[in-house]
Amino acid sequence: MTDVERPEDEQPNEPPEAAAESVPAEEPAAPPVAAAEPVAEEPAAPPVPAAEPFVAEEEEIEIVPRQRPEIPGADLVPDIVSDTDEFLDAEARAAAEAEAEAAAARAAQESDSDEVSKPIADAAIDLAAGARYTATGKRKTAVARVILKPGTGTYSINGKELDAVFPRDTLQRIIRQPLEAVGYESRMDVVARMHGGGVAAQAGALRHGISRALLEADPNLRGELKRRGFLTRDPRVKERKKAGLKKARKRPQFSKR
């Protein structure tokens with residue numbers, strides 16, 4: 001037979017041991033507390049005075065400028081040229097230098113012309129009727145045989161007048177310089193025989209010959225004429241052509257093949 005569930009009232013009672021286990025055991029009583037000992041009272045600390053508010057004093061700070069260390073060349077002005085202005089500056093610099101050189105040359109030429117134009121005061125030349133003073137002048141390959149004689153200041157060169165042989169004014173001025181320096185340009189005539197060289201070389205040779213002829217007339221003129229450069233022969237001569245060259249120094253173009 002199957003067990004039929006019993007109602008709660010009919011359930012069997014629990015054994016007494018189980019009931020005893022379910023009841024909690026009584027806790028042991030706490031030991032008696034001993035009476036507290038009297039504690040001595042500590043003296044009260046003195047009151048702390050209130051701290052005064054901190055006020056920062058304003059100090060005067062002296063500001064000393066910083067001194068940079070000395071750098072060699074720091075006082076020099078840098079000359080910086082940009083790439084775009086490099087060529088322009090070079091052209092301007094070259095133009096300025098050329099202008100300065102031209103001005104210096106003009107000033108030197110003017111000073112020389114002033115000195116040359118001043119006649120020599122102590123020139124003493126005998127202008128007797130039959131006086132003749134001869135000399136030879138040279139420049140490059142030009143040779144001039146000159147005769148000075150009293151006259152009115154005319155020039156006869158190879159039987160021709162001065163303007164016909166030397167049409168340029170600069171060359172005529174060069175030829176007249178020696179007589180103008182001594183102050184006899186209108187008191188002496190010049191007769192010359194010339195050959196060799198070109199027009200400029202012949203003009204230099206004629207001036208050289210006239211200056212030497214003046215020394216024959218008055219040797220005391222040497223210092224003044226030499227200072228002005230009339231007695232110095234121009235040593236510049238065209239260099240001769242060499243064998244195997246096109247000119248004096250020009251070489252044929254080299255070709256490897």
# chains A, B, ... in the order shown; residues from 1 in each chain; ligands from 1
>>> residues_around(residues="segment 191-195 of chain A", least_positions_apart="5", cutoff="6 Å", atoms="only C-alpha atoms", output="list in words")
Ala142, Val143, Ala144, Arg145, Val146, Ile147, Ser156, Ile157 and Asn158 of chain A
>>> write_last_selection(atoms="all heavy atoms", output="compact mmCIF listing (two decimals), in the first residue's frame")
# COMPACT_ATOMS: atom_id res chain seq x y z
N ALA A 142 109.44 105.36 -86.96
CA ALA A 142 109.46 106.66 -87.63
C ALA A 142 110.71 107.43 -87.23
O ALA A 142 111.12 107.43 -86.07
CB ALA A 142 108.21 107.46 -87.27
N VAL A 143 111.31 108.10 -88.20
CA VAL A 143 112.52 108.89 -87.97
C VAL A 143 112.28 110.29 -88.55
O VAL A 143 111.81 110.42 -89.69
CB VAL A 143 113.75 108.24 -88.65
CG1 VAL A 143 115.00 109.09 -88.40
CG2 VAL A 143 113.95 106.83 -88.12
N ALA A 144 112.61 111.31 -87.75
CA ALA A 144 112.44 112.70 -88.18
C ALA A 144 113.76 113.45 -87.99
O ALA A 144 114.30 113.50 -86.88
CB ALA A 144 111.32 113.37 -87.38
N ARG A 145 114.28 114.04 -89.09
CA ARG A 145 115.47 114.89 -89.02
C ARG A 145 115.01 116.35 -89.05
O ARG A 145 114.41 116.80 -90.04
CB ARG A 145 116.41 114.59 -90.19
CG ARG A 145 117.00 113.19 -90.10
CD ARG A 145 117.90 112.90 -91.29
NE ARG A 145 118.55 111.60 -91.17
CZ ARG A 145 118.02 110.46 -91.61
NH1 ARG A 145 116.81 110.45 -92.16
NH2 ARG A 145 118.67 109.32 -91.45
N VAL A 146 115.29 117.07 -87.98
CA VAL A 146 114.69 118.38 -87.75
C VAL A 146 115.77 119.46 -87.81
O VAL A 146 116.90 119.27 -87.33
CB VAL A 146 113.98 118.42 -86.38
CG1 VAL A 146 113.35 119.78 -86.15
CG2 VAL A 146 112.93 117.32 -86.31
N ILE A 147 115.39 120.62 -88.38
CA ILE A 147 116.24 121.82 -88.40
C ILE A 147 115.41 122.98 -87.85
O ILE A 147 114.31 123.26 -88.34
CB ILE A 147 116.72 122.15 -89.83
CG1 ILE A 147 117.54 120.99 -90.39
CG2 ILE A 147 117.52 123.44 -89.84
CD1 ILE A 147 117.94 121.20 -91.85
N SER A 156 107.54 123.05 -92.15
CA SER A 156 107.70 122.47 -93.48
C SER A 156 108.15 121.02 -93.29
O SER A 156 109.29 120.77 -92.87
CB SER A 156 108.72 123.25 -94.32
OG SER A 156 108.91 122.61 -95.55
N ILE A 157 107.26 120.08 -93.62
CA ILE A 157 107.53 118.66 -93.41
C ILE A 157 107.49 117.96 -94.76
O ILE A 157 106.43 117.90 -95.40
CB ILE A 157 106.49 118.05 -92.44
CG1 ILE A 157 106.51 118.81 -91.11
CG2 ILE A 157 106.76 116.57 -92.22
CD1 ILE A 157 105.37 118.49 -90.21
N ASN A 158 108.65 117.50 -95.19
CA ASN A 158 108.78 116.87 -96.51
C ASN A 158 108.24 117.80 -97.60
O ASN A 158 107.61 117.37 -98.58
CB ASN A 158 108.04 115.53 -96.56
CG ASN A 158 108.69 114.48 -95.69
OD1 ASN A 158 109.87 114.60 -95.30
ND2 ASN A 158 107.95 113.42 -95.37
>>> select_by_dssp(residues="segment 148-202 of chain A", states="strand (DSSP E)", output="list in words")
Leu148, Lys149, Pro150, Tyr155, Ser156, Ile157, Met188, Asp189, Val190, Val191, Ala192, Arg193, Met194 and His195 of chain A
>>> write_last_selection(atoms="all heavy atoms", output="mmCIF file, in the first residue's frame")
data_model
loop_
_atom_site.group_PDB
_atom_site.id
_atom_site.type_symbol
_atom_site.label_atom_id
_atom_site.label_comp_id
_atom_site.auth_asym_id
_atom_site.auth_seq_id
_atom_site.Cartn_x
_atom_site.Cartn_y
_atom_site.Cartn_z
ATOM 1 N N LEU A 148 115.936 123.649 -86.821
ATOM 2 C CA LEU A 148 115.305 124.837 -86.261
ATOM 3 C C LEU A 148 116.085 126.071 -86.709
ATOM 4 O O LEU A 148 117.327 126.096 -86.647
ATOM 5 C CB LEU A 148 115.282 124.766 -84.733
ATOM 6 C CG LEU A 148 114.414 123.684 -84.083
ATOM 7 C CD1 LEU A 148 114.492 123.796 -82.558
ATOM 8 C CD2 LEU A 148 112.973 123.776 -84.532
ATOM 9 N N LYS A 149 115.372 127.110 -87.145
ATOM 10 C CA LYS A 149 115.999 128.357 -87.591
ATOM 11 C C LYS A 149 115.076 129.530 -87.244
ATOM 12 O O LYS A 149 113.859 129.337 -87.072
ATOM 13 C CB LYS A 149 116.270 128.318 -89.088
ATOM 14 C CG LYS A 149 115.026 128.168 -89.946
ATOM 15 C CD LYS A 149 115.359 128.093 -91.416
ATOM 16 C CE LYS A 149 114.099 127.972 -92.274
ATOM 17 N NZ LYS A 149 114.422 127.977 -93.731
ATOM 18 N N PRO A 150 115.595 130.717 -87.114
ATOM 19 C CA PRO A 150 114.739 131.870 -86.809
ATOM 20 C C PRO A 150 113.712 132.081 -87.920
ATOM 21 O O PRO A 150 113.978 131.889 -89.106
ATOM 22 C CB PRO A 150 115.722 133.033 -86.748
ATOM 23 C CG PRO A 150 117.044 132.417 -86.501
ATOM 24 C CD PRO A 150 117.012 131.077 -87.183
ATOM 25 N N TYR A 155 105.881 125.512 -90.324
ATOM 26 C CA TYR A 155 106.367 124.130 -90.323
ATOM 27 C C TYR A 155 106.399 123.643 -91.763
ATOM 28 O O TYR A 155 105.413 123.773 -92.507
ATOM 29 C CB TYR A 155 105.442 123.227 -89.501
ATOM 30 C CG TYR A 155 105.535 123.429 -88.012
ATOM 31 C CD1 TYR A 155 104.870 124.491 -87.404
ATOM 32 C CD2 TYR A 155 106.274 122.567 -87.228
ATOM 33 C CE1 TYR A 155 104.947 124.671 -86.039
ATOM 34 C CE2 TYR A 155 106.361 122.749 -85.857
ATOM 35 C CZ TYR A 155 105.688 123.802 -85.260
ATOM 36 O OH TYR A 155 105.776 123.996 -83.911
ATOM 37 N N SER A 156 107.542 123.053 -92.151
ATOM 38 C CA SER A 156 107.696 122.467 -93.475
ATOM 39 C C SER A 156 108.154 121.025 -93.288
ATOM 40 O O SER A 156 109.290 120.769 -92.868
ATOM 41 C CB SER A 156 108.721 123.251 -94.315
ATOM 42 O OG SER A 156 108.915 122.612 -95.547
ATOM 43 N N ILE A 157 107.264 120.079 -93.620
ATOM 44 C CA ILE A 157 107.533 118.657 -93.405
ATOM 45 C C ILE A 157 107.486 117.964 -94.759
ATOM 46 O O ILE A 157 106.426 117.897 -95.400
ATOM 47 C CB ILE A 157 106.491 118.047 -92.441
ATOM 48 C CG1 ILE A 157 106.509 118.810 -91.112
ATOM 49 C CG2 ILE A 157 106.765 116.574 -92.217
ATOM 50 C CD1 ILE A 157 105.369 118.491 -90.208
ATOM 51 N N MET A 188 110.431 130.879 -84.375
ATOM 52 C CA MET A 188 111.314 129.902 -85.007
ATOM 53 C C MET A 188 110.517 129.079 -86.014
ATOM 54 O O MET A 188 109.337 128.780 -85.798
ATOM 55 C CB MET A 188 111.963 128.976 -83.969
ATOM 56 C CG MET A 188 112.815 129.706 -82.951
ATOM 57 S SD MET A 188 113.723 128.579 -81.873
ATOM 58 C CE MET A 188 114.992 128.032 -83.004
ATOM 59 N N ASP A 189 111.194 128.701 -87.101
ATOM 60 C CA ASP A 189 110.605 127.833 -88.119
ATOM 61 C C ASP A 189 111.160 126.419 -87.962
ATOM 62 O O ASP A 189 112.282 126.223 -87.466
ATOM 63 C CB ASP A 189 110.915 128.352 -89.525
ATOM 64 C CG ASP A 189 110.224 129.678 -89.817
ATOM 65 O OD1 ASP A 189 109.253 129.988 -89.078
ATOM 66 O OD2 ASP A 189 110.664 130.389 -90.731
ATOM 67 N N VAL A 190 110.371 125.437 -88.419
ATOM 68 C CA VAL A 190 110.754 124.031 -88.321
ATOM 69 C C VAL A 190 110.761 123.447 -89.727
ATOM 70 O O VAL A 190 109.766 123.518 -90.463
ATOM 71 C CB VAL A 190 109.780 123.242 -87.413
ATOM 72 C CG1 VAL A 190 110.172 121.775 -87.374
ATOM 73 C CG2 VAL A 190 109.744 123.833 -86.028
ATOM 74 N N VAL A 191 111.893 122.846 -90.091
ATOM 75 C CA VAL A 191 112.026 122.143 -91.365
ATOM 76 C C VAL A 191 112.398 120.706 -91.026
ATOM 77 O O VAL A 191 113.392 120.459 -90.326
ATOM 78 C CB VAL A 191 113.095 122.794 -92.262
ATOM 79 C CG1 VAL A 191 113.215 122.007 -93.575
ATOM 80 C CG2 VAL A 191 112.770 124.247 -92.533
ATOM 81 N N ALA A 192 111.596 119.734 -91.520
ATOM 82 C CA ALA A 192 111.816 118.336 -91.145
ATOM 83 C C ALA A 192 111.702 117.443 -92.362
ATOM 84 O O ALA A 192 110.914 117.704 -93.285
ATOM 85 C CB ALA A 192 110.799 117.913 -90.085
ATOM 86 N N ARG A 193 112.530 116.385 -92.335
ATOM 87 C CA ARG A 193 112.435 115.313 -93.322
ATOM 88 C C ARG A 193 112.094 114.049 -92.553
ATOM 89 O O ARG A 193 112.771 113.674 -91.595
ATOM 90 C CB ARG A 193 113.764 115.132 -94.056
ATOM 91 C CG ARG A 193 114.235 116.347 -94.831
ATOM 92 C CD ARG A 193 113.383 116.623 -96.038
ATOM 93 N NE ARG A 193 113.455 115.526 -97.000
ATOM 94 C CZ ARG A 193 112.770 115.492 -98.141
ATOM 95 N NH1 ARG A 193 111.927 116.483 -98.446
ATOM 96 N NH2 ARG A 193 112.907 114.483 -98.970
ATOM 97 N N MET A 194 111.009 113.339 -92.970
ATOM 98 C CA MET A 194 110.498 112.203 -92.201
ATOM 99 C C MET A 194 110.317 111.003 -93.098
ATOM 100 O O MET A 194 110.024 111.125 -94.296
ATOM 101 C CB MET A 194 109.159 112.561 -91.533
ATOM 102 C CG MET A 194 109.232 113.771 -90.628
ATOM 103 S SD MET A 194 107.730 113.989 -89.701
ATOM 104 C CE MET A 194 107.685 112.483 -88.779
ATOM 105 N N HIS A 195 110.461 109.829 -92.486
ATOM 106 C CA HIS A 195 110.146 108.590 -93.178
ATOM 107 C C HIS A 195 109.877 107.497 -92.132
ATOM 108 O O HIS A 195 110.353 107.586 -90.992
ATOM 109 C CB HIS A 195 111.307 108.154 -94.098
ATOM 110 C CG HIS A 195 112.515 107.737 -93.334
ATOM 111 N ND1 HIS A 195 113.465 108.628 -92.900
ATOM 112 C CD2 HIS A 195 112.955 106.501 -92.913
ATOM 113 C CE1 HIS A 195 114.418 108.002 -92.269
ATOM 114 N NE2 HIS A 195 114.135 106.690 -92.259
#
>>> residues_around(residues="Arg207 of chain A", least_positions_apart="6", cutoff="10 Å", atoms="only C-alpha atoms", output="PyMOL selection string")
chain A and resi 136-139+144+146+171-179+213+230-231+233
>>> write_last_selection(atoms="C-alpha atoms", output="PDB file, in the first residue's frame")
ATOM      1  CA  THR A 136     117.022 113.590 -84.954  1.00  0.00           C
ATOM      2  CA  GLY A 137     113.852 112.312 -83.287  1.00  0.00           C
ATOM      3  CA  LYS A 138     112.437 108.780 -83.274  1.00  0.00           C
ATOM      4  CA  ARG A 139     109.336 106.880 -82.247  1.00  0.00           C
ATOM      5  CA  ALA A 144     112.443 112.703 -88.183  1.00  0.00           C
ATOM      6  CA  VAL A 146     114.694 118.380 -87.750  1.00  0.00           C
ATOM      7  CA  LEU A 171      98.693 115.472 -83.508  1.00  0.00           C
ATOM      8  CA  GLN A 172      99.291 119.129 -84.336  1.00  0.00           C
ATOM      9  CA  ARG A 173      99.089 120.008 -80.633  1.00  0.00           C
ATOM     10  CA  ILE A 174     101.654 117.294 -79.824  1.00  0.00           C
ATOM     11  CA  ILE A 175     104.092 118.676 -82.419  1.00  0.00           C
ATOM     12  CA  ARG A 176     103.779 122.277 -81.171  1.00  0.00           C
ATOM     13  CA  GLN A 177     104.339 121.436 -77.480  1.00  0.00           C
ATOM     14  CA  PRO A 178     108.162 121.880 -77.305  1.00  0.00           C
ATOM     15  CA  LEU A 179     108.239 125.360 -78.908  1.00  0.00           C
ATOM     16  CA  ALA A 213     117.141 120.583 -81.339  1.00  0.00           C
ATOM     17  CA  PHE A 230     109.606 115.627 -74.358  1.00  0.00           C
ATOM     18  CA  LEU A 231     113.100 114.109 -74.344  1.00  0.00           C
ATOM     19  CA  ARG A 233     111.699 108.338 -76.660  1.00  0.00           C
TER      20      ARG A 233
END
>>> closest_residue(among="A:Ile71, A:Arg66, A:Arg187, A:Ala92", to="Ala129 of chain A", atoms="only C-alpha atoms")
A:Arg187
>>> residues_around(residues="Ala200 of chain A", least_positions_apart="4", cutoff="9 Å", atoms="only C-alpha atoms", output="list of chain:residue names")
A:Phe166, A:Leu171, A:Gly204, A:Ala205
>>> write_last_selection(atoms="all heavy atoms", output="PDB file, in the first residue's frame")
ATOM      1  N   PHE A 166      99.553 116.387 -91.138  1.00  0.00           N
ATOM      2  CA  PHE A 166      98.879 115.969 -89.895  1.00  0.00           C
ATOM      3  C   PHE A 166      97.545 116.714 -89.784  1.00  0.00           C
ATOM      4  O   PHE A 166      97.479 117.815 -89.212  1.00  0.00           O
ATOM      5  CB  PHE A 166      99.753 116.275 -88.673  1.00  0.00           C
ATOM      6  CG  PHE A 166     101.094 115.605 -88.711  1.00  0.00           C
ATOM      7  CD1 PHE A 166     102.224 116.299 -89.127  1.00  0.00           C
ATOM      8  CD2 PHE A 166     101.222 114.269 -88.353  1.00  0.00           C
ATOM      9  CE1 PHE A 166     103.461 115.688 -89.160  1.00  0.00           C
ATOM     10  CE2 PHE A 166     102.466 113.647 -88.392  1.00  0.00           C
ATOM     11  CZ  PHE A 166     103.588 114.362 -88.805  1.00  0.00           C
ATOM     12  N   LEU A 171      97.319 115.664 -83.049  1.00  0.00           N
ATOM     13  CA  LEU A 171      98.693 115.472 -83.508  1.00  0.00           C
ATOM     14  C   LEU A 171      99.405 116.813 -83.697  1.00  0.00           C
ATOM     15  O   LEU A 171     100.590 116.959 -83.374  1.00  0.00           O
ATOM     16  CB  LEU A 171      98.703 114.679 -84.813  1.00  0.00           C
ATOM     17  CG  LEU A 171      98.112 113.257 -84.743  1.00  0.00           C
ATOM     18  CD1 LEU A 171      98.178 112.582 -86.101  1.00  0.00           C
ATOM     19  CD2 LEU A 171      98.843 112.422 -83.702  1.00  0.00           C
ATOM     20  N   GLY A 204     105.061 111.833 -82.968  1.00  0.00           N
ATOM     21  CA  GLY A 204     105.910 111.667 -81.793  1.00  0.00           C
ATOM     22  C   GLY A 204     107.378 111.838 -82.111  1.00  0.00           C
ATOM     23  O   GLY A 204     108.142 112.426 -81.334  1.00  0.00           O
ATOM     24  N   ALA A 205     107.806 111.341 -83.279  1.00  0.00           N
ATOM     25  CA  ALA A 205     109.206 111.481 -83.671  1.00  0.00           C
ATOM     26  C   ALA A 205     109.551 112.946 -83.932  1.00  0.00           C
ATOM     27  O   ALA A 205     110.652 113.412 -83.585  1.00  0.00           O
ATOM     28  CB  ALA A 205     109.476 110.644 -84.917  1.00  0.00           C
TER      29      ALA A 205
END
>>> select_by_dssp(residues="segment 81-253 of chain A", states="helix (DSSP H, G or I)", output="PyMOL selection string")
chain A and resi 86-117+162-165+169-182+199-217+219-227
>>> atom_distance(atom1="atom CA of Ala98 of chain A", atom2="atom CA of Val77 of chain A")
25.6 Å
>>> closest_residue(among="A:Asn220, A:Ser211, A:Thr152, A:Gln253", to="Tyr133 of chain A", atoms="only C-alpha atoms")
A:Ser211
